[in-house]
Every structure is written in C-alpha cells, then in structure tokens.
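Novice: Input structure: protein_29.cif, which contains mmCIF, C-alpha atoms.
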```
data_data
#
loop_
_atom_site.label_atom_id
_atom_site.label_comp_id
_atom_site.auth_asym_id
_atom_site.auth_seq_id
_atom_site.Cartn_x
_atom_site.Cartn_y
_atom_site.Cartn_z
CA MET A 254 -35.40 30.28 41.04
CA PRO A 255 -36.91 27.24 39.28
CA GLY A 256 -40.24 27.73 37.56
CA THR A 257 -43.24 25.53 36.86
CA ALA A 258 -45.27 25.00 33.71
CA LEU A 259 -48.71 23.35 33.97
CA LEU A 260 -50.15 22.10 30.67
CA ILE A 261 -53.89 21.37 30.66
CA ALA A 262 -55.54 20.10 27.49
CA ALA A 263 -59.21 19.29 28.03
CA ALA A 264 -62.25 18.78 25.83
CA PRO A 265 -65.38 16.61 25.90
CA VAL A 266 -65.14 13.18 24.32
CA ASN A 267 -68.78 13.37 23.22
CA LYS A 268 -70.61 15.32 20.51
CA SER A 269 -69.97 18.57 22.44
CA ARG A 270 -66.31 18.42 21.41
CA LEU A 271 -65.30 21.58 19.53
CA VAL A 272 -61.49 21.31 19.54
CA ASP A 273 -58.91 18.54 19.49
CA ALA A 274 -57.15 19.99 22.52
CA ALA A 275 -54.76 17.11 23.24
CA SER A 276 -53.30 17.26 19.73
CA VAL A 277 -51.10 20.19 20.77
CA LEU A 278 -49.40 18.32 23.62
CA PRO A 279 -46.81 16.53 21.40
CA VAL A 280 -45.88 19.93 19.97
CA LEU A 281 -45.52 21.45 23.44
CA ALA A 282 -43.53 18.39 24.54
CA ALA A 283 -40.86 19.36 22.02
CA VAL A 284 -40.36 22.67 23.86
CA THR A 285 -37.73 22.73 26.60
CA PRO A 286 -39.03 23.10 30.17
CA ALA A 287 -37.00 26.28 30.55
CA ALA A 288 -38.74 27.88 27.56
CA LEU A 289 -42.18 26.79 28.77
CA ALA A 290 -41.65 28.25 32.23
CA GLY A 291 -39.46 31.20 31.29
CA THR A 292 -36.79 30.25 33.84
CA ALA A 293 -33.34 28.65 33.68
CA THR A 294 -34.65 25.44 35.26
CA ALA A 295 -38.22 24.25 35.47
CA SER A 296 -40.59 21.38 36.04
CA VAL A 297 -43.45 20.57 33.68
CA VAL A 298 -46.76 18.93 34.63
CA GLU A 299 -49.05 17.69 31.86
CA LEU A 300 -52.75 16.88 32.17
CA ALA A 301 -54.49 15.44 29.10
CA ASP A 302 -58.29 15.08 28.86
CA PRO A 303 -58.98 14.93 32.62
CA LEU A 304 -62.26 13.37 33.67
CA GLU A 305 -62.97 15.09 36.98
CA PRO A 306 -62.78 18.72 38.18
CA GLN A 307 -61.05 17.50 41.34
CA THR A 308 -58.19 16.10 39.27
CA VAL A 309 -57.58 19.50 37.69
CA LEU A 310 -57.90 21.22 41.06
CA THR A 311 -55.33 18.90 42.66
CA ARG A 312 -52.74 19.55 39.94
CA LEU A 313 -53.42 23.29 39.95
CA ARG A 314 -53.13 23.46 43.73
CA ALA A 315 -49.80 21.64 43.72
CA ALA A 316 -48.44 23.88 40.97
CA ALA A 317 -49.60 27.01 42.81
CA MET A 318 -47.64 25.98 45.90
CA ALA A 319 -44.38 25.54 44.00
CA PRO A 320 -41.88 28.39 44.46
CA GLY A 321 -40.90 30.54 41.50
CA PRO A 322 -42.84 31.66 38.45
CA LEU A 323 -45.84 29.63 37.31
CA THR A 324 -47.12 29.48 33.73
CA ILE A 325 -50.41 27.71 33.05
CA TYR A 326 -51.17 26.65 29.47
CA LEU A 327 -54.89 26.00 28.91
CA ILE A 328 -56.18 24.39 25.72
CA GLY A 329 -59.83 23.46 25.37
CA GLN A 330 -63.37 24.81 25.63
CA VAL A 331 -64.97 27.39 27.90
CA HIS A 332 -68.74 27.47 28.37
CA LEU A 333 -71.29 28.99 30.75
CA ASP A 334 -73.30 26.68 32.98
CA ARG A 335 -77.06 26.88 32.58
CA ARG A 336 -77.93 27.79 36.16
CA GLN A 337 -75.46 30.44 37.32
CA ARG A 338 -74.08 31.49 33.94
CA LEU A 339 -70.49 31.13 35.14
CA PRO A 340 -67.62 30.09 32.84
CA HIS A 341 -66.31 26.54 33.12
CA LEU A 342 -63.54 24.63 31.37
CA ALA A 343 -65.23 21.63 29.76
CA LEU A 344 -63.68 18.26 30.70
CA ALA A 345 -63.91 14.81 29.11
CA ARG A 346 -67.35 13.93 30.52
CA THR A 347 -68.86 17.40 30.25
CA THR A 348 -72.11 18.03 28.40
CA PRO A 349 -74.11 21.28 28.24
CA ALA A 350 -76.56 19.90 30.82
CA THR A 351 -73.83 18.83 33.28
CA MET A 352 -71.45 21.78 32.87
CA ARG A 353 -71.86 22.97 36.46
CA TYR A 354 -71.01 19.56 37.92
CA THR A 355 -68.52 18.03 35.47
CA GLY A 356 -66.74 21.15 34.20
CA PHE A 357 -63.92 22.99 35.98
CA PRO A 358 -65.13 26.38 37.30
CA TRP A 359 -62.97 29.12 35.81
CA HIS A 360 -62.94 31.16 39.03
CA TRP A 361 -61.18 28.31 40.83
CA ILE A 362 -58.00 29.35 39.01
CA GLY A 363 -57.97 32.73 40.71
CA GLN A 364 -58.83 31.20 44.07
CA GLU A 365 -55.95 28.74 43.95
CA VAL A 366 -53.25 31.24 42.91
CA ARG A 367 -54.35 34.14 45.12
CA LEU A 368 -51.63 33.48 47.71
CA ARG A 369 -48.88 33.73 45.12
CA PRO A 370 -46.90 36.98 44.83
CA ALA A 371 -48.38 39.42 42.34
CA GLY A 372 -46.85 39.07 38.89
CA SER A 373 -45.55 35.53 39.42
CA THR A 374 -48.41 33.74 37.62
CA THR A 375 -49.23 33.75 33.91
CA VAL A 376 -52.11 31.99 32.15
CA ILE A 377 -51.91 31.43 28.38
CA ALA A 378 -55.14 30.10 26.88
CA ASP A 379 -56.31 28.78 23.52
CA LEU A 380 -60.05 28.31 23.97
CA HIS A 381 -63.15 27.62 21.89
CA THR A 382 -66.76 28.22 22.88
CA ASP A 383 -70.39 27.99 21.79
CA ALA A 384 -72.49 30.82 20.33
CA GLU A 385 -74.40 31.65 23.53
CA SER A 386 -71.29 31.73 25.72
CA TRP A 387 -69.49 33.76 23.07
CA GLN A 388 -72.01 36.60 23.38
CA THR A 389 -71.54 36.78 27.15
CA LEU A 390 -67.75 36.48 27.09
CA ALA A 391 -67.59 39.30 24.56
CA THR A 392 -69.08 41.67 27.15
CA ARG A 393 -67.69 40.03 30.30
CA PRO A 394 -64.06 39.15 29.51
CA LEU A 395 -62.36 36.38 31.42
CA ASP A 396 -59.76 37.16 34.06
CA ALA A 397 -57.66 34.94 36.31
CA GLY A 398 -57.65 37.05 39.46
CA PRO A 399 -55.70 40.05 40.78
CA GLY A 400 -52.02 40.09 39.88
CA VAL A 401 -52.35 37.26 37.33
CA ALA A 402 -51.44 37.83 33.68
CA LEU A 403 -53.83 36.30 31.15
CA TYR A 404 -53.07 36.06 27.42
CA GLY A 405 -54.49 34.10 24.49
CA ARG A 406 -57.69 33.92 22.52
CA ILE A 407 -61.23 32.53 22.49
CA ALA A 408 -62.12 31.30 19.02
CA PRO A 409 -65.65 32.02 17.76
CA PRO A 410 -68.15 29.21 17.27
CA VAL A 411 -68.08 27.67 13.81
CA ARG A 412 -69.99 24.85 12.22
CA ARG A 413 -67.70 22.01 11.27
CA ARG A 414 -67.90 18.24 11.12
CA THR A 415 -64.56 17.67 12.83
CA PRO A 416 -63.05 19.30 15.94
CA ALA A 417 -61.05 22.46 15.32
CA ASP A 418 -57.27 22.63 15.57
CA PRO A 419 -55.71 24.53 18.54
CA ALA A 420 -53.87 26.74 16.05
CA TYR A 421 -52.99 29.53 18.49
CA MET A 422 -51.21 27.23 20.95
CA LYS A 423 -49.43 25.36 18.15
CA ALA A 424 -48.12 28.67 16.80
CA LEU A 425 -46.95 29.61 20.29
CA ALA A 426 -45.18 26.25 20.68
CA THR A 427 -43.42 26.81 17.37
CA VAL A 428 -42.01 30.09 18.67
CA LEU A 429 -40.92 28.52 21.95
CA ARG A 430 -39.16 25.61 20.24
CA SER A 431 -36.33 28.01 19.44
CA GLY A 432 -35.41 27.71 23.12
CA HIS A 433 -36.06 31.39 23.82
CA ARG A 434 -39.17 32.70 25.53
CA PRO A 435 -39.91 36.42 25.09
CA PRO A 436 -41.89 38.25 27.79
CA ALA A 437 -45.44 36.89 27.83
CA LEU A 438 -47.07 40.05 26.48
CA GLN A 439 -44.54 40.31 23.65
CA LEU A 440 -45.00 36.61 22.89
CA ALA A 441 -48.78 36.95 22.72
CA GLN A 442 -48.57 40.00 20.46
CA SER A 443 -46.10 38.32 18.11
CA LEU A 444 -48.49 35.49 17.29
CA GLY A 445 -51.07 37.69 15.68
CA ASP A 446 -54.74 36.84 15.95
CA ASP A 447 -57.79 36.18 13.87
CA ALA A 448 -59.96 39.28 13.64
CA LYS A 449 -62.90 37.20 14.84
CA ASP A 450 -61.19 35.96 18.00
CA LEU A 451 -61.82 37.35 21.47
CA VAL A 452 -58.34 38.43 22.53
CA LEU A 453 -57.24 37.77 26.10
CA ALA A 454 -54.65 40.35 27.14
CA LEU A 455 -54.64 41.18 30.84
CA ASP A 456 -51.29 42.47 32.08
CA PRO A 457 -51.26 43.10 35.86
CA ALA A 458 -48.31 45.46 35.50
CA ALA A 459 -50.04 47.85 33.10
CA ALA A 460 -53.51 48.52 31.79
CA THR A 461 -54.10 47.01 28.36
CA PRO A 462 -56.19 48.90 25.79
CA GLY A 463 -59.65 47.40 25.53
CA PHE A 464 -59.42 45.74 28.93
CA PRO A 465 -59.83 48.37 31.68
CA GLN A 466 -58.11 47.42 34.91
CA PRO A 467 -59.93 47.70 38.24
CA ARG A 468 -58.86 50.48 40.56
CA GLU A 469 -56.69 49.16 43.35
CA GLU A 470 -56.22 50.57 46.82
CA PRO A 471 -52.68 51.50 47.84
CA VAL A 472 -50.81 48.49 49.14
CA PRO A 473 -48.33 48.51 52.01
CA PRO A 474 -44.61 48.45 51.17
CA VAL A 475 -44.34 44.77 52.10
CA ASP A 476 -46.52 42.30 50.22
CA PRO A 477 -48.20 40.25 52.98
CA HIS A 478 -48.99 37.42 50.60
CA ALA A 479 -45.34 37.05 49.63
CA ALA A 480 -44.29 36.98 53.30
CA ILE A 481 -46.97 34.41 54.12
CA THR A 482 -46.03 32.23 51.14
CA ALA A 483 -42.37 32.35 52.17
CA ALA A 484 -43.26 31.29 55.70
CA VAL A 485 -45.36 28.36 54.45
CA GLN A 486 -42.64 27.19 52.07
CA ALA A 487 -40.14 27.30 54.96
CA GLY A 488 -42.47 25.25 57.17
CA ARG A 489 -43.19 28.15 59.56
CA HIS A 490 -46.93 27.57 59.58
CA GLY A 491 -47.51 29.27 62.93
CA GLU A 492 -45.84 32.42 61.67
CA ALA A 493 -47.90 32.36 58.47
CA ALA A 494 -51.14 31.95 60.45
CA ALA A 495 -50.20 34.81 62.77
CA LEU A 496 -49.48 37.11 59.82
CA ALA A 497 -52.81 36.30 58.19
CA ALA A 498 -54.68 36.83 61.48
CA SER A 499 -52.94 40.19 61.93
CA TRP A 500 -53.98 41.35 58.45
CA GLU A 501 -57.51 40.11 59.06
CA GLN A 502 -57.73 42.23 62.21
CA ASN A 503 -56.38 45.23 60.31
CA ALA A 504 -59.02 44.70 57.61
CA LEU A 505 -61.69 44.39 60.30
CA ARG A 506 -60.72 47.74 61.80
CA THR A 507 -60.44 49.43 58.40
CA HIS A 508 -63.36 47.96 56.45
CA GLY A 509 -65.67 46.43 59.06
CA PRO A 510 -67.05 42.91 59.60
CA GLY A 511 -68.38 41.09 56.56
CA SER A 512 -66.29 43.17 54.15
CA ASN A 513 -64.59 41.55 51.17
CA GLU A 514 -61.20 42.35 52.72
CA VAL A 515 -62.01 40.55 55.97
CA ILE A 516 -63.47 37.54 54.16
CA HIS A 517 -60.37 37.38 51.95
CA TRP A 518 -58.12 36.97 54.99
CA MET A 519 -60.48 34.40 56.48
CA GLU A 520 -60.06 32.41 53.26
CA VAL A 521 -56.29 32.79 53.51
CA ARG A 522 -56.39 31.39 57.06
CA ALA A 523 -58.47 28.44 55.85
CA ASP A 524 -55.89 27.65 53.17
CA LEU A 525 -53.05 28.00 55.68
CA ALA A 526 -54.72 25.46 57.97
CA ARG A 527 -54.76 22.98 55.10
CA PHE A 528 -51.09 23.64 54.32
CA ALA A 529 -50.28 23.11 58.01
CA GLY A 530 -51.95 19.69 57.97
CA ASP A 531 -54.90 20.75 60.15
CA PRO A 532 -58.00 19.87 58.08
CA ALA A 533 -60.37 20.27 61.06
CA ARG A 534 -59.35 23.90 61.57
CA GLY A 535 -59.50 24.48 57.83
CA CYS A 536 -62.99 22.99 57.69
CA GLU A 537 -64.21 25.19 60.56
CA THR A 538 -62.71 28.29 58.92
CA TRP A 539 -64.30 27.60 55.54
CA LEU A 540 -67.66 27.16 57.29
CA ALA A 541 -67.06 30.52 58.99
CA VAL A 542 -66.35 32.03 55.56
CA ALA A 543 -69.64 30.66 54.20
CA ALA A 544 -71.51 31.98 57.25
CA ALA A 545 -69.88 35.41 56.90
CA ARG A 546 -70.92 35.62 53.26
CA LEU A 547 -74.47 34.62 54.13
CA THR A 548 -74.57 37.23 56.90
CA ALA A 549 -73.32 39.82 54.39
CA GLY A 550 -76.35 39.10 52.20
CA GLN A 551 -75.14 36.55 49.69
CA THR A 552 -77.51 33.74 48.77
CA THR A 553 -76.97 30.07 49.49
CA ASP A 554 -76.50 29.31 45.78
CA SER A 555 -73.94 32.05 45.15
CA PRO A 556 -70.67 30.60 43.78
CA GLU A 557 -68.61 32.02 46.66
CA VAL A 558 -70.83 30.46 49.36
CA GLU A 559 -70.98 27.13 47.56
CA ALA A 560 -67.22 27.16 46.99
CA ALA A 561 -66.60 27.72 50.72
CA ALA A 562 -69.01 24.92 51.64
CA ASP A 563 -67.39 22.65 49.05
CA ARG A 564 -63.94 23.21 50.55
CA ALA A 565 -65.25 22.60 54.06
CA HIS A 566 -66.77 19.33 52.91
CA HIS A 567 -63.54 18.31 51.16
CA LEU A 568 -61.45 18.99 54.29
CA ARG A 569 -63.99 17.13 56.42
CA GLY A 570 -63.46 14.12 54.16
CA VAL A 571 -59.68 14.46 54.55
CA GLY A 572 -59.55 14.79 58.31
CA GLY A 573 -62.82 13.37 59.59
CA ARG A 574 -63.67 10.06 61.20
CA GLY A 575 -66.14 7.51 60.06
CA GLY A 576 -66.07 8.04 56.29
CA GLY A 577 -68.19 10.33 54.17
CA GLY A 578 -71.70 8.97 54.49
CA GLY A 579 -72.94 10.46 57.76
CA ARG A 580 -75.14 13.47 58.42
CA TRP A 581 -73.76 16.88 59.25
CA ARG A 582 -75.10 17.88 62.66
CA PRO A 583 -74.79 21.07 64.74
CA ARG A 584 -72.14 20.75 67.41
CA ARG A 585 -71.57 22.54 70.71
CA THR A 586 -67.99 23.11 71.79
CA ALA A 587 -66.24 24.86 74.65
CA ARG A 588 -65.49 27.79 72.38
CA THR A 589 -69.00 28.40 71.06
CA THR A 590 -72.45 27.67 72.43
CA SER A 591 -73.95 26.99 69.02
CA GLY A 592 -72.78 26.62 65.44
CA THR A 593 -72.04 24.28 62.64
CA GLY A 594 -69.04 22.05 63.24
CA CYS A 595 -67.02 19.57 61.26
CA ALA A 596 -67.68 16.61 63.54
CA THR A 597 -69.51 14.64 60.86
CA PRO A 598 -69.81 15.16 57.10
CA ARG A 599 -72.69 16.13 54.90
CA PRO A 600 -72.87 16.43 51.11
CA TYR A 601 -71.48 19.83 50.19
CA ALA A 602 -74.40 20.81 47.98
CA ARG A 603 -76.63 21.06 51.09
CA SER A 604 -74.13 22.55 53.53
CA ALA A 605 -74.78 26.18 52.53
CA ARG A 606 -78.52 25.75 53.09
CA HIS A 607 -77.71 24.12 56.42
CA LEU A 608 -75.71 27.18 57.45
CA THR A 609 -78.69 29.43 56.71
CA ALA A 610 -81.01 27.23 58.74
CA GLN A 611 -78.52 27.11 61.59
CA ARG A 612 -78.15 30.90 61.57
CA ARG A 613 -81.93 31.34 61.80
CA LEU A 614 -82.06 28.83 64.65
CA GLU A 615 -79.43 30.80 66.55
CA GLN A 616 -81.40 34.06 66.02
CA PHE A 617 -84.57 32.37 67.30
CA HIS A 618 -82.69 31.03 70.32
CA SER A 619 -81.29 34.45 71.23
CA GLN A 620 -84.75 36.06 71.00
CA HIS A 621 -86.84 33.48 72.86
CA VAL A 622 -84.53 31.71 75.30
CA GLY A 623 -82.99 33.16 78.41
#
```
Rewrite the structure from the file as structure tokens, please.
Specialist:
Amino acid sequence: MPGTALLIAAAPVNKSRLVDAASVLPVLAAVTPAALAGTATASVVELADPLEPQTVLTRLRAAAMAPGPLTIYLIGQVHLDRRQRLPHLALARTTPATMRYTGFPWHWIGQEVRLRPAGSTTVIADLHTDAESWQTLATRPLDAGPGVALYGRIAPPVRRRTPADPAYMKALATVLRSGHRPPALQLAQSLGDDAKDLVLALDPAAATPGFPQPREEPVPPVDPHAAITAAVQAGRHGEAAALAASWEQNALRTHGPGSNEVIHWMEVRADLARFAGDPARGCETWLAVAAARLTAGQTTDSPEVEAAADRAHHLRGVGGRGGGGGRWRPRRTARTTSGTGCATPRPYARSARHLTAQRRLEQFHSQHVG
C-alpha cells in the first residue's frame, strides 16, 4: 500500500529563532519518496516555514486521511505557552508572548491521527527549545498519542549568535539517501545522540526504557478504528457513523456518561460528520463534546474544551450561512427544547464560556419553570 511522508520545517523569522529548520529540506529532497515513507511507493508533502497554525492543521489532516503508513518529519522549535503551559511548535510569526495563538499546539497531532490504525503513524522530530520549556519537557516527555511512534531529539538551549543546524535530521537524511529505510526504532538508534539531548523514543509496540508506557485496557479482536477508517475511505459514511455510534453506546454502558471513552467516540462521530460533508452535524457534535467535558468538571479554558469549541466554530464557518461575523445565539429545534446550536457563528474563544452560561440557564429553567 502506498505511504505518505509529511515534512514540516518551521521556525520563527524573528529574534526567537533558534534553528535554521528549512535548511534541511534540500537534504531531505534528495531522499527518494519510498525511503522517506518506508513503502514501495509514496507521496511526499513539504511545508516550509508556515505562517498559520491552520495551514499546518490542513496539511496534517489531509495526510492523516491518506491510506497506508504515514511518517511525519518535524524540524523546528517546541515551546510552552505562557498561560496553559502546553507545548507548541513555533511557526514563522510566533513570539514567546503569542505562542498560544500563533504556534501549532502539539496535542493537535494526536487528535488528527487518532482514527488511524495503531502502528501506522510515525513521528520523527528534530527540535530545539528554550531553557524554561526544557526543564518541563525533561519531566513531562512529549508523546504523539496512543499507537503513534515518536522518535528523535530535543536539543538543549544554547547561547549562540546564529541559529543552530538541524544536525539530527541531516544525519537521518544522509542514512536514508542510500535508498534503504531501516525500521524507525533501528534508524533512530543508529544515529546516536548528544548526551545533552532529550531523546524521544516512544514505540507503541513495546515499552522503551526510560519512557514508561501507559497501561492499556484489553482491546477487542477487531480494531474499530481500522474498520471505521476503511469505511470512510470506501465512501461508506453511513456505515462508519453507525459503527462509531455503536461503540459509543458500548462505552456508555461500560464506563458511564461523561467518561473519557464516551467522549472519545463522540469526537470520532464529529470527525466522521466532517468527512461525510455534513459540517452542521459535525458542529453540533463538537458542541456536545464541549458540553460533555464541562459537565464532567473540566473548565472553560481547558485545552480539550477549547479545542472542541474551536472545531465547532471552524465547521460553522464551513457550512454556515451569512459569513462569520454574526453572534452565536441559543436555538430551539424539534429535537431539543434548549441548547446551543450552529445556526449562527461566534468567535471560538468565547464559545466555551457560552456553553457554560447556557448550561446554567437550562438548570435554572428546569428548577423554576413548569
């Protein structure tokens, strides 16, 4: 089956620039697509110094939907934002003060590839960081989500007048130029590493020393995500939605409402609505995800709630009427007597707070009316 290689080289173009990330792209361009992807045939997508997080998200989303193995090569800088202390990939316009808004949130990688079969996605990273982020990343290692292999290094902060060289990725490209790609773990180990680097070595197939793997519950014999992905790729969107709904009901019976398992399948259904070309249903489902997380006790500024509201807003812009400048108002429909609909848009940064206010309004209504 053909594979896909996504090359992302990103770094600020201002004084926050620590590495000349794009300088490795000509070296990677000399590698055959088959060696980059680890398959007999492959397609390669290159993204150099992107300006906007949405640009990276669009390319990542398209690559994640492609059948076959996916290898993501990341070269650049990773930093924590000042408010939520979450890792972001710095982009061309990123500064320390604007990291949360102009950087690419690292956890979006895991969210976009979560529907892919386990073991089919590999991330290889050559990253640099600042001193404060370094201390946090040393105790909270990066990961790219369940079932995703992550290899590479994070170089320590150093004082220099010129941006550093992406030496790790250039060494990797030199190995791949032979036309042969060893297994990803073997490839990463063959490169060696600086003793000062933070080593990224997460293998979903086996626990790696120094990086304890989370305990996983037994999975059924058939991977539901693989079956759903196959149905989507074949255009059987109704079948995919039915499978996801069935697994959501099973999670509801097993783990209860508001559990992580139930919310996961709600998120899957929201993605499936987008794949099926139904942005209105996707918008409503993402709003339901945000509401479920709020009901479960998460705060309005938690990254999961804001991510759900962001996706609802994005889908509203795709499928809505009247542009993106209106106010987001509560809507009554035949299916529900109260709630937050996708009839008109509202800036995503306020939508989570709106959901909280709407939920309190509904509680007040149920207690004092009737």
Novice: Kindly resolve the PyMOL selection byres ((chain A and resi 556) around 12) on the present coordinates and return the residues as JSON, numbers by chain.
Specialist: {"A": [334, 336, 337, 338, 339, 340, 353, 358, 359, 360, 361, 364, 543, 546, 547, 551, 552, 553, 554, 555, 557, 558, 559, 560, 561, 562, 563, 602, 605]}
Novice: Any chance you could export the current selection's C-alpha atoms as a CSV table (one decimal), keeping the file's coordinate frame?
Specialist:
```csv
chain,number,residue,atom,x,y,z
A,334,ASP,CA,-73.3,26.7,33.0
A,336,ARG,CA,-77.9,27.8,36.2
A,337,GLN,CA,-75.5,30.4,37.3
A,338,ARG,CA,-74.1,31.5,33.9
A,339,LEU,CA,-70.5,31.1,35.1
A,340,PRO,CA,-67.6,30.1,32.8
A,353,ARG,CA,-71.9,23.0,36.5
A,358,PRO,CA,-65.1,26.4,37.3
A,359,TRP,CA,-63.0,29.1,35.8
A,360,HIS,CA,-62.9,31.2,39.0
A,361,TRP,CA,-61.2,28.3,40.8
A,364,GLN,CA,-58.8,31.2,44.1
A,543,ALA,CA,-69.6,30.7,54.2
A,546,ARG,CA,-70.9,35.6,53.3
A,547,LEU,CA,-74.5,34.6,54.1
A,551,GLN,CA,-75.1,36.6,49.7
A,552,THR,CA,-77.5,33.7,48.8
A,553,THR,CA,-77.0,30.1,49.5
A,554,ASP,CA,-76.5,29.3,45.8
A,555,SER,CA,-73.9,32.0,45.2
A,557,GLU,CA,-68.6,32.0,46.7
A,558,VAL,CA,-70.8,30.5,49.4
A,559,GLU,CA,-71.0,27.1,47.6
A,560,ALA,CA,-67.2,27.2,47.0
A,561,ALA,CA,-66.6,27.7,50.7
A,562,ALA,CA,-69.0,24.9,51.6
A,563,ASP,CA,-67.4,22.6,49.0
A,602,ALA,CA,-74.4,20.8,48.0
A,605,ALA,CA,-74.8,26.2,52.5
```
Novice: List the neighbours of region 371-375 of chain A out to 12 Å using only C-alpha atoms; skip same-chain residues closer than 5 positions along the sequence, and give me the result as a VMD selection string.
Specialist: chain A and resid 254 to 259 289 to 292 313 316 to 327 362 to 363 365 to 366 396 to 405 436 to 438 441 453 to 459 472 475 to 480 482
Novice: Rounded to one decimal place, report the CA of Gln486 (chain A)-CA of Leu342 (chain A) distance in Å.
Specialist: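 Atom-to-atom, CA of Gln486 (chain A) and CA of Leu342 (chain A) are spaced 29.5 Å apart.
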Novice: Give me, as CSV, the closest atom pair and its distance (Å, one decimal) for every residue of region 292-397 of chain A within a cut-off of 10 Å of region 272-284 of chain A, counting all atoms listed in the file, rows sorted by chain and rising number.
Specialist:
```
residue,atom,partner,partner_atom,distance
A:Val297,CA,A:Ala282,CA,9.4
A:Glu299,CA,A:Leu278,CA,8.3
A:Leu300,CA,A:Ala275,CA,9.2
A:Ala301,CA,A:Ala275,CA,6.1
A:Asp302,CA,A:Ala275,CA,6.9
A:Tyr326,CA,A:Leu281,CA,9.8
A:Leu327,CA,A:Ala274,CA,9.1
A:Ile328,CA,A:Ala274,CA,5.5
A:Gly329,CA,A:Ala274,CA,5.2
A:Gln330,CA,A:Val272,CA,7.3
A:Asp379,CA,A:Ala274,CA,8.9
A:Leu380,CA,A:Val272,CA,8.4
A:His381,CA,A:Val272,CA,6.9
A:Thr382,CA,A:Val272,CA,9.3
```
Novice: Name all residues at most 10 Å from region 285-288 of chain A (count only C-alpha atoms; drop same-chain ones fewer than 5 positions away) and give them as a count of residues only.
Specialist: 19
Novice: With a distance cut-off of 10 Å and all atoms listed in the file, select the neighbouring residues of Ala545 (chain A), excluding the residue or stretch itself and same-chain residues fewer than 2 positions from it, and output the selection as a list in words.
Specialist: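 Once the nearby chain positions are removed, what remains is Pro510, Gly511, Ser512, Asn513, Val515, Ile516, Met519, Trp539, Leu540, Ala541, Val542, Ala543, Leu547, Thr548, Ala549, Gly550, Gln551 and Val558 of chain A.
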Novice: How far is it from CA of Ala263 (chain A) to CA of Leu344 (chain A), in Å with one decimal?
Specialist: 5.3 Å
Novice: Take the PyMOL selection byres ((chain A and resi 499) around 12), apply it to the structure above, and return the hits as a short mmCIF file (atom, residue, chain, number, x, y, z; two decimals) with C-alpha atoms, in the frame of the given file.
Specialist:
```cif
data_model
loop_
_atom_site.label_atom_id
_atom_site.label_comp_id
_atom_site.auth_asym_id
_atom_site.auth_seq_id
_atom_site.Cartn_x
_atom_site.Cartn_y
_atom_site.Cartn_z
CA PRO A 477 -48.20 40.25 52.98
CA ILE A 481 -46.97 34.41 54.12
CA GLU A 492 -45.84 32.42 61.67
CA ALA A 493 -47.90 32.36 58.47
CA ALA A 494 -51.14 31.95 60.45
CA ALA A 495 -50.20 34.81 62.77
CA LEU A 496 -49.48 37.11 59.82
CA ALA A 497 -52.81 36.30 58.19
CA ALA A 498 -54.68 36.83 61.48
CA TRP A 500 -53.98 41.35 58.45
CA GLU A 501 -57.51 40.11 59.06
CA GLN A 502 -57.73 42.23 62.21
CA ASN A 503 -56.38 45.23 60.31
CA ALA A 504 -59.02 44.70 57.61
CA LEU A 505 -61.69 44.39 60.30
CA ARG A 506 -60.72 47.74 61.80
CA VAL A 515 -62.01 40.55 55.97
CA TRP A 518 -58.12 36.97 54.99
CA MET A 519 -60.48 34.40 56.48
CA VAL A 521 -56.29 32.79 53.51
CA ARG A 522 -56.39 31.39 57.06
#
```
